[in-house]
Amino acid sequence: MIRKSLVAAVGLAAMAATPAMANTINTSNPAYACSAGTCTQSFSTPLGSGNGTVLDWKGSSSTLQVFQLNLFNSALGTLNSVNFTISFTGNITGGSVTNTSSNTQSFTFKQDTLVSAASTLSALNTALSALALDPFYTLPISNLASGGTFTIPAGSYHGSASLTSPPTAASDFIGTGTANVVLSTATTDGITSGGGNISSSVSTYALATLSVVYNYSNPVPEPISAALLGSGLLGMGLIRRMRRRV
């Protein structure tokens with residue numbers, strides 16, 4: 001069996017690459033908004049628009065997918081939790097498998113993509129390292145003759161994973177700047193069952209989305225401030241009474 005692999009690694013060292021060199025999706029998009037106790041921001045990789053862009057998200061500055069998300073502005077209130085959802089879609093545009101053995105074979109072609117994520121925020125990086133996102137595509141092939149080639153049709157496979165930070169970690173997301181979330185993939189083409197000696201080749205492109213939601217509560221006036229406000233209102237009322245008597 002001949003196995004073809006496309007592997008991409010991600011790490012904090014790779015995130016030190018100049019953002020301009022990477023496929024960076026920054027926070028200048030209008031999707032970021034805060035209202036009614038939530039701030040939401042979402043990003044999508046500029047891929048998969050129908051033109052069949054071929055890309056393997058390798059662990060290099062030229063192909064990493066870097067999302068620059070806004071940190072939470074504490075002037076809005078108290079940040080209680082943060083929800084992250086990462087979705088991935090792999091699109092197969094075509095390919096083929098060839099039986100290079102001397103016997104007819106039946107087997108299953110499988111394309112498997114492990115999506116890795118990392119962040120410049122230590123708390124988020126730890127949580128993302130445990131995120132399981134491993135979508136795959138399978139195609140059973142029966143009785144492929146010796147020397148025969150089977151054309152892999154176009155197809156898609158999907159996967160998503162979510163995590164919520166506990167309140168104790170929410171403070172790590174407070175600030176006025178941005179933080180990076182980096183995605184990369186490790187994709188393998190493999191054959192299960194059969195007698196071996198199967199070669200494969202497949203063309204793919206991919207897209208991913210990242211959704212971030214900050215859940216917060218509005219600040220509550222301090223007792224002293226509330227007392228001062230009450231005193232001010234009382235004083236205004238006395239002034240009005242005095243004016244009426246005059």
# chains A, B, ... in the order shown; residues from 1 in each chain; ligands from 1
>>> select_by_dssp(residues="segment 68-229 of chain A", states="strand (DSSP E or B)", output="MDAnalysis selection string")
chainID A and resid 68:70 72 78:99 105:119 136:144 149:152 155:165 174 178:192 198:217
>>> residues_around(residues="Pro153 of chain A", least_positions_apart="3", cutoff="9 Å", atoms="only C-alpha atoms", output="ChimeraX atom specification")
/A:92-96
>>> select_by_dssp(residues="segment 56-187 of chain A", states="alpha helix (DSSP H)", output="MDAnalysis selection string")
chainID A and resid 122:129 167:170
>>> write_last_selection(atoms="N, CA and C atoms", output="short mmCIF file (atom, residue, chain, number, x, y, z; two decimals), in the first residue's frame")
data_model
loop_
_atom_site.label_atom_id
_atom_site.label_comp_id
_atom_site.auth_asym_id
_atom_site.auth_seq_id
_atom_site.Cartn_x
_atom_site.Cartn_y
_atom_site.Cartn_z
N SER A 122 -2.39 32.32 26.96
CA SER A 122 -1.99 31.05 27.57
C SER A 122 -3.18 30.19 27.98
N ALA A 123 -4.21 30.81 28.59
CA ALA A 123 -5.37 30.03 29.03
C ALA A 123 -6.11 29.44 27.84
N LEU A 124 -6.26 30.23 26.79
CA LEU A 124 -6.94 29.74 25.59
C LEU A 124 -6.11 28.69 24.89
N ASN A 125 -4.80 28.87 24.86
CA ASN A 125 -3.93 27.89 24.21
C ASN A 125 -4.04 26.53 24.87
N THR A 126 -4.12 26.52 26.20
CA THR A 126 -4.27 25.26 26.92
C THR A 126 -5.59 24.59 26.58
N ALA A 127 -6.66 25.38 26.52
CA ALA A 127 -7.98 24.82 26.20
C ALA A 127 -8.02 24.31 24.76
N LEU A 128 -7.43 25.06 23.84
CA LEU A 128 -7.45 24.66 22.43
C LEU A 128 -6.64 23.39 22.18
N SER A 129 -5.61 23.16 22.97
CA SER A 129 -4.79 21.97 22.78
C SER A 129 -5.57 20.68 23.05
N PRO A 167 -15.35 30.99 34.44
CA PRO A 167 -15.20 32.39 34.85
C PRO A 167 -13.79 32.73 35.32
N THR A 168 -13.08 31.76 35.92
CA THR A 168 -11.74 32.04 36.43
C THR A 168 -10.76 32.34 35.32
N ALA A 169 -11.04 31.87 34.11
CA ALA A 169 -10.14 32.12 32.99
C ALA A 169 -10.59 33.29 32.14
N ALA A 170 -11.78 33.80 32.40
CA ALA A 170 -12.30 34.88 31.56
C ALA A 170 -11.43 36.13 31.64
#
>>> closest_residue(among="A:Cys34, A:Thr100, A:Leu79, A:Gln111", to="Ile191 of chain A", atoms="only C-alpha atoms")
A:Gln111
>>> closest_residue(among="A:Thr176, A:Ser165, A:Thr104, A:Thr138", to="Asp189 of chain A", atoms="only C-alpha atoms")
A:Thr138
>>> closest_residue(among="A:Ser42, A:Ser116, A:Asn99, A:Thr151", to="Gly196 of chain A", atoms="only C-alpha atoms")
A:Asn99
>>> residues_around(residues="Ala161 of chain A", least_positions_apart="4", cutoff="7 Å", atoms="only C-alpha atoms", output="PDB file with N, CA and C atoms, in the first residue's frame")
ATOM      1  N   THR A  85     -16.254  28.463  19.064  1.00  0.00           N
ATOM      2  CA  THR A  85     -16.678  27.385  18.169  1.00  0.00           C
ATOM      3  C   THR A  85     -15.828  27.444  16.908  1.00  0.00           C
ATOM      4  N   ILE A  86     -15.179  26.339  16.586  1.00  0.00           N
ATOM      5  CA  ILE A  86     -14.376  26.234  15.372  1.00  0.00           C
ATOM      6  C   ILE A  86     -15.027  25.206  14.467  1.00  0.00           C
ATOM      7  N   SER A  87     -15.277  25.595  13.223  1.00  0.00           N
ATOM      8  CA  SER A  87     -15.873  24.684  12.242  1.00  0.00           C
ATOM      9  C   SER A  87     -14.922  24.542  11.053  1.00  0.00           C
ATOM     10  N   LEU A 131      -8.826  20.469  22.304  1.00  0.00           N
ATOM     11  CA  LEU A 131      -9.992  20.491  21.420  1.00  0.00           C
ATOM     12  C   LEU A 131      -9.879  19.390  20.368  1.00  0.00           C
ATOM     13  N   ALA A 132     -10.886  18.538  20.284  1.00  0.00           N
ATOM     14  CA  ALA A 132     -10.850  17.420  19.338  1.00  0.00           C
ATOM     15  C   ALA A 132     -11.647  17.776  18.088  1.00  0.00           C
ATOM     16  N   LEU A 133     -10.951  17.984  16.977  1.00  0.00           N
ATOM     17  CA  LEU A 133     -11.607  18.287  15.708  1.00  0.00           C
ATOM     18  C   LEU A 133     -10.903  17.483  14.621  1.00  0.00           C
TER      19      LEU A 133
END
>>> atom_distance(atom1="atom CA of Asn197 of chain A", atom2="atom CA of Thr185 of chain A")
26.3 Å
>>> closest_residue(among="A:Pro140, A:Gly77, A:Gly159, A:Gly148", to="Ala208 of chain A", atoms="only C-alpha atoms")
A:Gly159
>>> closest_residue(among="A:Thr38, A:Thr178, A:Thr149, A:Asn91", to="Thr204 of chain A", atoms="only C-alpha atoms")
A:Asn91
>>> closest_residue(among="A:Gln41, A:Asn180, A:Gln68, A:Thr98", to="Ser199 of chain A", atoms="only C-alpha atoms")
A:Thr98
>>> residues_around(residues="Ile141 of chain A", least_positions_apart="2", cutoff="6 Å", atoms="only C-alpha atoms", output="list in words")
Ser106, Phe107 and Thr108 of chain A
